[in-house]
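Undergrad: Structure: upload35.cif, mmCIF, C-alpha atoms.
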data_structure
#
loop_
_atom_site.group_PDB
_atom_site.id
_atom_site.type_symbol
_atom_site.label_atom_id
_atom_site.label_comp_id
_atom_site.auth_asym_id
_atom_site.auth_seq_id
_atom_site.Cartn_x
_atom_site.Cartn_y
_atom_site.Cartn_z
ATOM 1 C CA MET U 1 -3.898 23.583 22.770
ATOM 2 C CA ILE U 2 -5.801 21.561 20.147
ATOM 3 C CA ILE U 3 -3.765 18.642 18.844
ATOM 4 C CA ASP U 4 -6.388 16.821 16.777
ATOM 5 C CA LEU U 5 -6.074 17.039 13.014
ATOM 6 C CA SER U 6 -8.540 19.295 11.256
ATOM 7 C CA PRO U 7 -11.647 17.710 9.698
ATOM 8 C CA GLU U 8 -10.214 18.526 6.271
ATOM 9 C CA ALA U 9 -6.940 16.716 7.019
ATOM 10 C CA ARG U 10 -8.778 13.701 8.399
ATOM 11 C CA ALA U 11 -11.007 13.571 5.321
ATOM 12 C CA TYR U 12 -7.954 13.785 3.064
ATOM 13 C CA GLY U 13 -6.331 10.937 4.955
ATOM 14 C CA GLU U 14 -9.450 8.789 4.637
ATOM 15 C CA SER U 15 -9.624 9.475 0.912
ATOM 16 C CA ALA U 16 -5.946 8.636 0.544
ATOM 17 C CA ARG U 17 -6.358 5.375 2.430
ATOM 18 C CA ALA U 18 -9.322 4.335 0.302
ATOM 19 C CA ALA U 19 -7.442 5.178 -2.885
ATOM 20 C CA LEU U 20 -4.196 3.460 -1.838
ATOM 21 C CA GLU U 21 -5.705 0.217 -0.573
ATOM 22 C CA GLY U 22 -4.731 -2.613 -2.839
ATOM 23 C CA THR U 23 -1.651 -0.877 -4.274
ATOM 24 C CA ALA U 24 0.891 -2.397 -1.840
ATOM 25 C CA GLY U 25 3.689 -4.032 -3.809
ATOM 26 C CA ASP U 26 2.737 -2.178 -6.986
ATOM 27 C CA GLY U 27 4.935 0.885 -7.109
ATOM 28 C CA ASP U 28 3.506 2.187 -10.375
ATOM 29 C CA ALA U 29 -0.089 1.978 -9.116
ATOM 30 C CA ALA U 30 0.807 3.670 -5.848
ATOM 31 C CA ALA U 31 2.699 6.429 -7.666
ATOM 32 C CA ALA U 32 -0.298 7.078 -9.922
ATOM 33 C CA VAL U 33 -2.627 7.322 -6.930
ATOM 34 C CA LEU U 34 -0.286 9.668 -5.066
ATOM 35 C CA ASP U 35 -0.045 11.908 -8.124
ATOM 36 C CA LYS U 36 -3.835 11.975 -8.402
ATOM 37 C CA LEU U 37 -4.119 12.872 -4.726
ATOM 38 C CA GLY U 38 -1.806 15.840 -5.234
ATOM 39 C CA ALA U 39 0.592 14.438 -2.657
ATOM 40 C CA TRP U 40 3.651 16.154 -4.096
ATOM 41 C CA ASP U 41 1.899 19.528 -4.221
ATOM 42 C CA LEU U 42 1.758 19.588 -0.411
ATOM 43 C CA GLU U 43 4.153 22.010 1.261
ATOM 44 C CA PRO U 44 4.237 20.900 4.892
ATOM 45 C CA LEU U 45 6.991 23.301 5.864
ATOM 46 C CA ALA U 46 5.244 26.321 4.396
ATOM 47 C CA ASP U 47 1.579 25.730 5.245
ATOM 48 C CA THR U 48 0.011 24.369 8.435
ATOM 49 C CA ASP U 49 -2.963 22.889 6.563
ATOM 50 C CA ASP U 50 -0.566 21.075 4.237
ATOM 51 C CA LEU U 51 1.395 19.869 7.266
ATOM 52 C CA GLU U 52 -1.685 18.182 8.731
ATOM 53 C CA ALA U 53 -2.644 16.772 5.339
ATOM 54 C CA ALA U 54 0.877 15.386 4.930
ATOM 55 C CA ALA U 55 0.661 13.669 8.330
ATOM 56 C CA ALA U 56 -2.704 12.128 7.443
ATOM 57 C CA LEU U 57 -1.315 10.989 4.088
ATOM 58 C CA CYS U 58 1.729 9.381 5.711
ATOM 59 C CA ARG U 59 -0.512 7.470 8.110
ATOM 60 C CA ALA U 60 -2.701 6.267 5.242
ATOM 61 C CA ALA U 61 0.376 5.223 3.266
ATOM 62 C CA GLY U 62 1.672 3.278 6.241
ATOM 63 C CA TYR U 63 -1.649 1.498 6.691
ATOM 64 C CA CYS U 64 -1.649 0.538 3.016
ATOM 65 C CA ASP U 65 2.004 -0.552 3.162
ATOM 66 C CA VAL U 66 3.258 2.065 0.728
ATOM 67 C CA ALA U 67 4.925 4.274 3.338
ATOM 68 C CA GLY U 68 8.457 4.146 1.946
ATOM 69 C CA PRO U 69 8.473 6.884 -0.694
ATOM 70 C CA VAL U 70 5.899 9.153 0.928
ATOM 71 C CA ALA U 71 7.375 10.435 4.200
ATOM 72 C CA GLY U 72 10.876 10.724 2.772
ATOM 73 C CA ARG U 73 9.721 12.805 -0.177
ATOM 74 C CA LEU U 74 7.464 15.113 1.832
ATOM 75 C CA ALA U 75 10.127 15.660 4.478
ATOM 76 C CA PRO U 76 13.742 14.728 3.642
ATOM 77 C CA PRO U 77 15.651 12.917 6.398
ATOM 78 C CA PRO U 78 17.160 15.278 8.957
ATOM 79 C CA ASP U 79 20.815 16.123 9.278
ATOM 80 C CA VAL U 80 21.635 13.878 12.239
ATOM 81 C CA ALA U 81 24.758 15.841 13.163
ATOM 82 C CA ALA U 82 22.783 19.097 13.186
ATOM 83 C CA LEU U 83 20.141 17.613 15.493
ATOM 84 C CA ALA U 84 22.537 17.840 18.408
ATOM 85 C CA ALA U 85 22.485 21.646 18.200
ATOM 86 C CA TRP U 86 19.832 23.606 20.086
ATOM 87 C CA PRO U 87 17.129 24.330 19.084
ATOM 88 C CA GLY U 88 17.304 22.740 15.598
ATOM 89 C CA SER U 89 15.480 23.578 12.380
ATOM 90 C CA PRO U 90 11.810 23.021 11.469
ATOM 91 C CA ALA U 91 12.909 20.829 8.573
ATOM 92 C CA ASP U 92 14.743 18.535 11.053
ATOM 93 C CA ALA U 93 11.561 18.391 13.258
ATOM 94 C CA LEU U 94 9.542 17.479 10.354
ATOM 95 C CA GLY U 95 11.992 14.913 8.964
ATOM 96 C CA LEU U 96 11.544 12.980 12.209
ATOM 97 C CA VAL U 97 7.807 13.474 12.729
ATOM 98 C CA LEU U 98 6.298 12.444 9.374
ATOM 99 C CA PRO U 99 7.999 9.009 9.294
ATOM 100 C CA CYS U 100 6.483 8.390 12.734
ATOM 101 C CA TRP U 101 3.035 9.062 11.265
ATOM 102 C CA ALA U 102 3.796 6.504 8.557
ATOM 103 C CA LEU U 103 4.895 4.024 11.224
ATOM 104 C CA LEU U 104 1.679 4.733 13.140
ATOM 105 C CA GLY U 105 -0.278 3.715 10.041
ATOM 106 C CA LEU U 106 1.666 0.444 9.882
ATOM 107 C CA LEU U 107 0.778 -0.230 13.527
ATOM 108 C CA ASP U 108 -2.893 0.560 12.854
ATOM 109 C CA ARG U 109 -2.874 -2.173 10.234
ATOM 110 C CA ALA U 110 -0.850 -4.651 12.319
ATOM 111 C CA ILE U 111 -3.337 -4.393 15.202
ATOM 112 C CA GLU U 112 -6.243 -4.785 12.797
ATOM 113 C CA LEU U 113 -4.710 -7.927 11.279
ATOM 114 C CA ALA U 114 -3.998 -9.383 14.718
ATOM 115 C CA VAL U 115 -7.539 -8.783 15.949
ATOM 116 C CA ALA U 116 -9.064 -10.277 12.795
ATOM 117 C CA HIS U 117 -6.821 -13.337 13.121
ATOM 118 C CA VAL U 118 -7.679 -14.137 16.746
ATOM 119 C CA ARG U 119 -11.369 -13.710 16.045
ATOM 120 C CA ALA U 120 -11.270 -16.120 13.118
ATOM 121 C CA ARG U 121 -8.781 -18.706 14.422
ATOM 122 C CA GLN U 122 -10.230 -21.531 16.507
ATOM 123 C CA GLN U 123 -8.399 -23.433 19.239
ATOM 124 C CA PHE U 124 -9.922 -25.972 21.616
ATOM 125 C CA GLY U 125 -13.310 -25.255 20.137
ATOM 126 C CA GLN U 126 -13.306 -21.483 20.640
ATOM 127 C CA PRO U 127 -11.754 -18.448 18.961
ATOM 128 C CA LEU U 128 -8.315 -17.343 20.114
ATOM 129 C CA ALA U 129 -9.872 -14.013 21.064
ATOM 130 C CA ALA U 130 -11.696 -15.746 23.916
ATOM 131 C CA PHE U 131 -8.451 -16.612 25.728
ATOM 132 C CA GLN U 132 -7.486 -14.199 28.467
ATOM 133 C CA GLY U 133 -3.784 -14.372 27.655
ATOM 134 C CA VAL U 134 -4.428 -13.321 24.070
ATOM 135 C CA GLN U 135 -6.653 -10.488 25.255
ATOM 136 C CA PHE U 136 -3.905 -9.214 27.556
ATOM 137 C CA GLN U 137 -1.362 -9.281 24.721
ATOM 138 C CA LEU U 138 -3.602 -7.366 22.344
ATOM 139 C CA THR U 139 -4.455 -4.842 25.056
ATOM 140 C CA GLU U 140 -0.745 -4.209 25.605
ATOM 141 C CA ALA U 141 -0.240 -3.582 21.890
ATOM 142 C CA GLU U 142 -3.297 -1.347 21.606
ATOM 143 C CA VAL U 143 -2.201 0.764 24.583
ATOM 144 C CA GLU U 144 1.130 1.351 22.833
ATOM 145 C CA ARG U 145 -0.562 2.213 19.524
ATOM 146 C CA ALA U 146 -3.139 4.518 21.113
ATOM 147 C CA GLY U 147 -0.472 6.310 23.125
ATOM 148 C CA LEU U 148 1.600 6.830 19.994
ATOM 149 C CA ASP U 149 -1.469 8.287 18.268
ATOM 150 C CA VAL U 150 -1.699 11.037 20.897
ATOM 151 C CA LEU U 151 2.041 11.727 20.961
ATOM 152 C CA ALA U 152 2.187 11.957 17.163
ATOM 153 C CA LYS U 153 -0.534 14.605 17.203
ATOM 154 C CA TYR U 154 1.257 16.533 19.940
ATOM 155 C CA ALA U 155 4.613 16.495 18.152
ATOM 156 C CA LEU U 156 2.934 17.685 14.946
ATOM 157 C CA TRP U 157 1.290 20.521 16.884
ATOM 158 C CA SER U 158 4.692 21.397 18.359
ATOM 159 C CA VAL U 159 6.108 21.768 14.845
ATOM 160 C CA GLN U 160 3.098 23.841 13.771
ATOM 161 C CA ALA U 161 3.504 26.123 16.779
ATOM 162 C CA ALA U 162 7.235 26.542 16.042
ATOM 163 C CA ASN U 163 8.086 25.550 19.615
ATOM 164 C CA ARG U 164 11.718 25.863 20.553
ATOM 165 C CA GLU U 165 11.367 22.345 21.916
ATOM 166 C CA ALA U 166 9.954 20.960 18.644
ATOM 167 C CA VAL U 167 13.050 18.886 17.832
ATOM 168 C CA ASP U 168 13.073 17.478 21.365
ATOM 169 C CA ASP U 169 9.402 16.571 20.952
ATOM 170 C CA ALA U 170 10.141 14.968 17.589
ATOM 171 C CA LEU U 171 12.937 12.853 19.047
ATOM 172 C CA ALA U 172 10.730 11.839 21.971
ATOM 173 C CA LEU U 173 8.035 10.885 19.476
ATOM 174 C CA ARG U 174 10.493 8.791 17.490
ATOM 175 C CA MET U 175 11.604 7.005 20.618
ATOM 176 C CA ALA U 176 7.973 6.269 21.536
ATOM 177 C CA ALA U 177 7.201 5.147 17.967
ATOM 178 C CA LEU U 178 10.098 2.695 17.899
ATOM 179 C CA GLU U 179 9.142 1.271 21.280
ATOM 180 C CA ALA U 180 5.493 0.966 20.213
ATOM 181 C CA ALA U 181 6.504 -0.757 16.969
ATOM 182 C CA GLU U 182 8.607 -3.281 18.850
ATOM 183 C CA VAL U 183 5.737 -4.190 21.191
ATOM 184 C CA THR U 184 3.006 -4.158 18.550
ATOM 185 C CA PHE U 185 4.799 -6.312 16.007
ATOM 186 C CA ARG U 186 5.981 -8.714 18.715
ATOM 187 C CA VAL U 187 2.420 -9.211 19.912
ATOM 188 C CA ALA U 188 1.006 -9.445 16.395
ATOM 189 C CA HIS U 189 3.554 -12.103 15.430
ATOM 190 C CA GLN U 190 2.920 -14.042 18.633
ATOM 191 C CA VAL U 191 -0.848 -14.226 18.199
ATOM 192 C CA HIS U 192 -0.414 -15.237 14.547
ATOM 193 C CA GLY U 193 1.996 -18.007 15.514
ATOM 194 C CA ALA U 194 4.180 -19.449 12.758
ATOM 195 C CA MET U 195 1.807 -18.004 10.169
ATOM 196 C CA GLY U 196 2.910 -14.510 11.160
ATOM 197 C CA PHE U 197 6.418 -15.196 9.859
ATOM 198 C CA CYS U 198 5.423 -16.641 6.472
ATOM 199 C CA ASP U 199 6.193 -14.547 3.414
ATOM 200 C CA GLU U 200 2.603 -15.000 2.254
ATOM 201 C CA SER U 201 1.267 -13.293 5.388
ATOM 202 C CA PRO U 202 0.301 -9.605 5.146
ATOM 203 C CA LEU U 203 1.638 -9.186 8.684
ATOM 204 C CA SER U 204 5.044 -10.445 7.602
ATOM 205 C CA TRP U 205 5.088 -7.921 4.767
ATOM 206 C CA LEU U 206 4.171 -5.095 7.115
ATOM 207 C CA SER U 207 6.795 -6.096 9.637
ATOM 208 C CA ARG U 208 9.510 -6.342 6.990
ATOM 209 C CA HIS U 209 8.547 -3.079 5.323
ATOM 210 C CA SER U 210 8.531 -1.273 8.670
ATOM 211 C CA GLN U 211 12.263 -1.887 9.095
ATOM 212 C CA PRO U 212 13.545 1.094 7.042
ATOM 213 C CA LEU U 213 11.322 3.454 9.028
ATOM 214 C CA ARG U 214 12.521 1.898 12.278
ATOM 215 C CA ARG U 215 16.226 1.975 11.407
ATOM 216 C CA GLN U 216 16.642 5.293 9.568
ATOM 217 C CA PRO U 217 17.718 7.948 10.294
ATOM 218 C CA LEU U 218 18.193 6.720 13.879
ATOM 219 C CA GLY U 219 17.496 3.494 15.715
ATOM 220 C CA LEU U 220 16.114 3.373 19.234
ATOM 221 C CA SER U 221 19.425 3.514 21.105
ATOM 222 C CA ALA U 222 20.774 6.346 18.958
ATOM 223 C CA THR U 223 17.521 8.295 19.292
ATOM 224 C CA ARG U 224 17.559 7.920 23.068
ATOM 225 C CA ALA U 225 21.216 8.965 23.280
ATOM 226 C CA LEU U 226 20.703 12.038 21.085
ATOM 227 C CA LEU U 227 17.638 13.155 23.022
ATOM 228 C CA THR U 228 19.528 12.755 26.295
ATOM 229 C CA ARG U 229 22.385 14.908 25.006
ATOM 230 C CA ARG U 230 19.981 17.594 23.795
ATOM 231 C CA ILE U 231 17.810 17.987 26.859
ATOM 232 C CA GLY U 232 20.482 17.479 29.531
ATOM 233 C CA ARG U 233 18.834 18.436 32.792
ATOM 234 C CA ARG U 234 16.137 20.572 31.197
ATOM 235 C CA GLY U 235 13.747 17.701 30.737
ATOM 236 C CA LEU U 236 10.872 17.542 28.285
ATOM 237 C CA THR U 237 7.794 19.737 28.167
ATOM 238 C CA GLY U 238 4.146 19.193 27.252
ATOM 239 C CA LEU U 239 2.822 15.658 26.826
ATOM 240 C CA PHE U 240 6.328 14.248 26.947
ATOM 241 C CA SER U 241 6.996 15.655 30.416
ATOM 242 C CA GLU U 242 6.083 14.136 33.752
ATOM 243 C CA GLU U 243 3.464 16.821 34.208
ATOM 244 C CA THR U 244 0.726 17.282 31.606
ATOM 245 C CA PRO U 245 0.085 20.987 30.826
ATOM 246 C CA GLY U 246 -3.233 22.381 31.967
#
If you took the structure in this file and wrote it as structure tokens, what would it be?
TA:
Amino acid sequence: MIIDLSPEARAYGESARAALEGTAGDGDAAAAVLDKLGAWDLEPLADTDDLEAAAALCRAAGYCDVAGPVAGRLAPPPDVAALAAWPGSPADALGLVLPCWALLGLLDRAIELAVAHVRARQQFGQPLAAFQGVQFQLTEAEVERAGLDVLAKYALWSVQAANREAVDDALALRMAALEAAEVTFRVAHQVHGAMGFCDESPLSWLSRHSQPLRRQPLGLSATRALLTRRIGRRGLTGLFSEETPG
């Protein structure tokens, strides 16, 4: 089982991130860049290479704070009522997974902003980054973000492999993504202090713009409840289970 994105998908994501940087808040500029990147020519449901490219694009869009129109257009939101049925459709797996990749990109950027802030901000004659309490907070957030990175790759692989458990994996990923977002943004706001809540702060923009991805199509409680109904006593498999596959 190889869950890493292909070199081609990673390169596409890097190119997308470089092209999209600076377009946040400018819908016309972002739309022009996405058209140039061939974003809407991707067919993630029909082609595994396109699926990986779409995931990399969603992460880049999240990092650049233009996630909103990307994940939803590449993979329409799932039919929530249909998700309760076993096993579910690939389109419903995908409609849950790609927004999580966009949210992962937002968390990448939030951690980066937090680290840059504590390195630059001085308190009592030394940078905030030198304080052990701040280090512990950032470590907590980074553990959540890094764990989500692995789970996002696994859930994408599960969709690619057409696993019968793919919808379960997608719901488990969404639950992990929402929990990671809660921790990461809490920590990032805390280390920024009052500045992190100002409208002029890039972190505040990221946090606000993450809300649609965190609330739709399911919030944390609804995601947890739906996953519990689906798996019953079967439990999860793969990376989401208590035992990692060999």
Undergrad: How close does each residue of segment 199-229 of chain U get to segment 184-192 of chain U, giving the shortest atom pair and distance in Å to one decimal for every residue with an atom at most 12 Å away, counting all atoms listed in the file, sorted by chain and residue number, as a tab-separated table?
TA:
residue	atom	partner	partner_atom	distance
U:Ser201	CA	U:His192	CA	9.5
U:Pro202	CA	U:His192	CA	11.0
U:Leu203	CA	U:His189	CA	7.6
U:Ser204	CA	U:His189	CA	8.1
U:Trp205	CA	U:Phe185	CA	11.4
U:Leu206	CA	U:Phe185	CA	9.0
U:Ser207	CA	U:Phe185	CA	6.7
U:Arg208	CA	U:Phe185	CA	10.2
U:His209	CA	U:Phe185	CA	11.8
U:Ser210	CA	U:Phe185	CA	9.7
U:Gln211	CA	U:Phe185	CA	11.1
U:Arg214	CA	U:Phe185	CA	11.9
Undergrad: Counting all atoms listed in the file, which residues in segment 131-172 of chain U sit no more than 12 Å from segment 118-121 of chain U? For each one, give the nearest pair of atoms and the distance in Å, sorted by chain then residue number, as JSON lines.
TA:
{"residue": "U:Phe131", "atom": "CA", "partner": "U:Val118", "partner_atom": "CA", "distance": 9.3}
{"residue": "U:Gln132", "atom": "CA", "partner": "U:Val118", "partner_atom": "CA", "distance": 11.7}
{"residue": "U:Gly133", "atom": "CA", "partner": "U:Val118", "partner_atom": "CA", "distance": 11.6}
{"residue": "U:Val134", "atom": "CA", "partner": "U:Val118", "partner_atom": "CA", "distance": 8.1}
{"residue": "U:Gln135", "atom": "CA", "partner": "U:Val118", "partner_atom": "CA", "distance": 9.3}
{"residue": "U:Gln137", "atom": "CA", "partner": "U:Val118", "partner_atom": "CA", "distance": 11.3}
{"residue": "U:Leu138", "atom": "CA", "partner": "U:Val118", "partner_atom": "CA", "distance": 9.7}
Undergrad: Calculated over all atoms listed in the file, which of the candidates U:Pro212, U:Gly125, U:Gly147, U:Gly95 has the smallest distance to Ala166 of chain U?
TA: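 So, comparing all the options, the nearest one is U:Gly95.
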Undergrad: For the atom pair atom CA of Glu142 of chain U and atom CA of Trp157 of chain U, what is the interatomic distance in Å to one decimal place?
TA: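 Pair atom CA of Glu142 of chain U / atom CA of Trp157 of chain U returns 22.8 Å.
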Undergrad: Pick from U:Ala129, U:Ala54, U:Leu94, U:Leu5: nearest to Leu34 of chain U, with only C-alpha atoms counted?
TA: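 Selected residue with least distance to Leu34 of chain U: U:Ala54.
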Undergrad: Take the point (-4.2, 5.1, 21.4) in the file's coordinates, draw a sphere of radius 12 Å around it, and report as a PDB file with C-alpha atoms, in the coordinates of the input every protein, DNA or RNA residue with an atom inside or on it, counting all atoms listed in the file.
TA:
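Final output, saved to result.pdb:
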ATOM      1  CA  LEU U 104       1.679   4.733  13.140  1.00  0.00           C
ATOM      2  CA  LEU U 107       0.778  -0.230  13.527  1.00  0.00           C
ATOM      3  CA  ASP U 108      -2.893   0.560  12.854  1.00  0.00           C
ATOM      4  CA  ILE U 111      -3.337  -4.393  15.202  1.00  0.00           C
ATOM      5  CA  THR U 139      -4.455  -4.842  25.056  1.00  0.00           C
ATOM      6  CA  GLU U 140      -0.745  -4.209  25.605  1.00  0.00           C
ATOM      7  CA  ALA U 141      -0.240  -3.582  21.890  1.00  0.00           C
ATOM      8  CA  GLU U 142      -3.297  -1.347  21.606  1.00  0.00           C
ATOM      9  CA  VAL U 143      -2.201   0.764  24.583  1.00  0.00           C
ATOM     10  CA  GLU U 144       1.130   1.351  22.833  1.00  0.00           C
ATOM     11  CA  ARG U 145      -0.562   2.213  19.524  1.00  0.00           C
ATOM     12  CA  ALA U 146      -3.139   4.518  21.113  1.00  0.00           C
ATOM     13  CA  GLY U 147      -0.472   6.310  23.125  1.00  0.00           C
ATOM     14  CA  LEU U 148       1.600   6.830  19.994  1.00  0.00           C
ATOM     15  CA  ASP U 149      -1.469   8.287  18.268  1.00  0.00           C
ATOM     16  CA  VAL U 150      -1.699  11.037  20.897  1.00  0.00           C
ATOM     17  CA  LEU U 151       2.041  11.727  20.961  1.00  0.00           C
ATOM     18  CA  ALA U 152       2.187  11.957  17.163  1.00  0.00           C
ATOM     19  CA  LYS U 153      -0.534  14.605  17.203  1.00  0.00           C
ATOM     20  CA  ALA U 177       7.201   5.147  17.967  1.00  0.00           C
ATOM     21  CA  ALA U 180       5.493   0.966  20.213  1.00  0.00           C
TER      22      ALA U 180
END
Undergrad: Using all atoms listed in the file, which protein or nucleic acid residues come within 8 Å of Leu83 of chain U? Drop anything in the same chain fewer than 3 positions from it, and give the result as a CSV table (one decimal) with C-alpha atoms, keeping the file's coordinate frame.
TA:
chain,number,residue,atom,x,y,z
U,78,PRO,CA,17.2,15.3,9.0
U,79,ASP,CA,20.8,16.1,9.3
U,80,VAL,CA,21.6,13.9,12.2
U,86,TRP,CA,19.8,23.6,20.1
U,88,GLY,CA,17.3,22.7,15.6
U,92,ASP,CA,14.7,18.5,11.1
U,167,VAL,CA,13.0,18.9,17.8
U,226,LEU,CA,20.7,12.0,21.1
Undergrad: Could you list, as number ranges by chain, every residue matched by the PyMOL selection byres ((chain U and resi 36-43) around 9) in this structure?
TA: U: 12, 15-16, 19, 31-35, 44-51, 53-54, 57, 70, 73-74
Undergrad: Which one of U:Ala114, U:Ala30, U:Val97, U:Ala170 sits closest to Pro69 of chain U if you count all atoms listed in the file?
TA: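 So, comparing all the options, the nearest one is U:Ala30.
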Undergrad: Kindly provide, as AutoDock Vina command-line options, the centre and edge lengths (Å, one decimal) of an axis-aligned box around all atoms of segment 68-79 of chain U given in the file, with 3 Å on each side.
TA:
--center_x 13.4 --center_y 10.1 --center_z 4.3 --size_x 20.9 --size_y 18.0 --size_z 16.0
Undergrad: Using Å and a single decimal, report how far atom CA of Arg59 of chain U sits from atom CA of Ala11 of chain U.
TA: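 One can read the atom CA of Ala11 of chain U to atom CA of Arg59 of chain U distance as 12.5 Å.
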Undergrad: Between U:Ala162, U:Met1, U:Gln216, U:Gly232, which one has atoms that come closest to Ser89 of chain U, using all atoms listed in the file?
TA: U:Ala162
Undergrad: When you look at Leu171 of chain U with a cut-off of 7 Å (counting all atoms listed in the file), what residues show up, excluding the ones that are within fewer than 4 positions of it in the same chain? I need them as a ChimeraX atom specification.
TA: /U:96,167,175,223,227
Undergrad: Measure the distance from atom CA of Ala29 of chain U to atom CA of Ala102 of chain U in Å and round it to one decimal.
TA: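 Rounded to one decimal, the two atoms are 18.7 Å apart.
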Undergrad: Any chance you could resolve the PyMOL selection byres ((chain U and resi 24) around 7) against this file and give the residues as a list in words?
TA: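 Applying the expression gives Gly22, Thr23, Gly25, Asp26, Cys64, Asp65 and Val66 of chain U.
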Undergrad: Given all atoms listed in the file as the basis, pick out the residue of U:Pro217, U:Pro7, U:Pro127, U:Pro90 nearest to Ala155 of chain U.
TA: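 Result for the nearest residue to Ala155 of chain U: U:Pro90.
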Undergrad: When distances are computed from all atoms listed in the file, which of U:Glu112, U:Glu8, U:Glu179, U:Asp169 shows the smallest separation from Leu156 of chain U?
TA: U:Asp169
Undergrad: Please reconstruct the missing atoms of segment 81-94 of chain U (target: N, CA and C atoms) and return them as an mmCIF file, keeping the file's coordinate frame.
TA:
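Okay, this is what ended up in part_12.cif:
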data_model
loop_
_atom_site.group_PDB
_atom_site.id
_atom_site.type_symbol
_atom_site.label_atom_id
_atom_site.label_comp_id
_atom_site.auth_asym_id
_atom_site.auth_seq_id
_atom_site.Cartn_x
_atom_site.Cartn_y
_atom_site.Cartn_z
ATOM 1 N N ALA U 81 23.742 15.078 12.433
ATOM 2 C CA ALA U 81 24.758 15.841 13.163
ATOM 3 C C ALA U 81 24.197 17.170 13.650
ATOM 4 N N ALA U 82 23.354 17.800 12.815
ATOM 5 C CA ALA U 82 22.783 19.097 13.186
ATOM 6 C C ALA U 82 21.742 18.973 14.294
ATOM 7 N N LEU U 83 21.171 17.790 14.474
ATOM 8 C CA LEU U 83 20.141 17.613 15.493
ATOM 9 C C LEU U 83 20.670 17.820 16.907
ATOM 10 N N ALA U 84 21.969 17.672 17.072
ATOM 11 C CA ALA U 84 22.537 17.840 18.408
ATOM 12 C C ALA U 84 22.555 19.295 18.839
ATOM 13 N N ALA U 85 22.440 20.216 17.881
ATOM 14 C CA ALA U 85 22.485 21.646 18.200
ATOM 15 C C ALA U 85 21.108 22.129 18.636
ATOM 16 N N TRP U 86 21.068 23.023 19.593
ATOM 17 C CA TRP U 86 19.832 23.606 20.086
ATOM 18 C C TRP U 86 19.546 24.900 19.338
ATOM 19 N N PRO U 87 18.298 25.179 18.900
ATOM 20 C CA PRO U 87 17.129 24.330 19.084
ATOM 21 C C PRO U 87 16.891 23.359 17.924
ATOM 22 N N GLY U 88 17.547 23.584 16.772
ATOM 23 C CA GLY U 88 17.304 22.740 15.598
ATOM 24 C C GLY U 88 16.375 23.447 14.629
ATOM 25 N N SER U 89 16.292 22.928 13.407
ATOM 26 C CA SER U 89 15.480 23.578 12.380
ATOM 27 C C SER U 89 14.135 22.892 12.207
ATOM 28 N N PRO U 90 13.122 23.633 11.720
ATOM 29 C CA PRO U 90 11.810 23.021 11.469
ATOM 30 C C PRO U 90 11.881 21.845 10.507
ATOM 31 N N ALA U 91 12.780 21.928 9.537
ATOM 32 C CA ALA U 91 12.909 20.829 8.573
ATOM 33 C C ALA U 91 13.351 19.553 9.270
ATOM 34 N N ASP U 92 14.303 19.707 10.284
ATOM 35 C CA ASP U 92 14.743 18.535 11.053
ATOM 36 C C ASP U 92 13.554 18.070 11.945
ATOM 37 N N ALA U 93 12.701 18.922 12.468
ATOM 38 C CA ALA U 93 11.561 18.391 13.258
ATOM 39 C C ALA U 93 10.697 17.533 12.383
ATOM 40 N N LEU U 94 10.466 18.122 11.323
ATOM 41 C CA LEU U 94 9.542 17.479 10.354
ATOM 42 C C LEU U 94 10.101 16.188 9.788
#
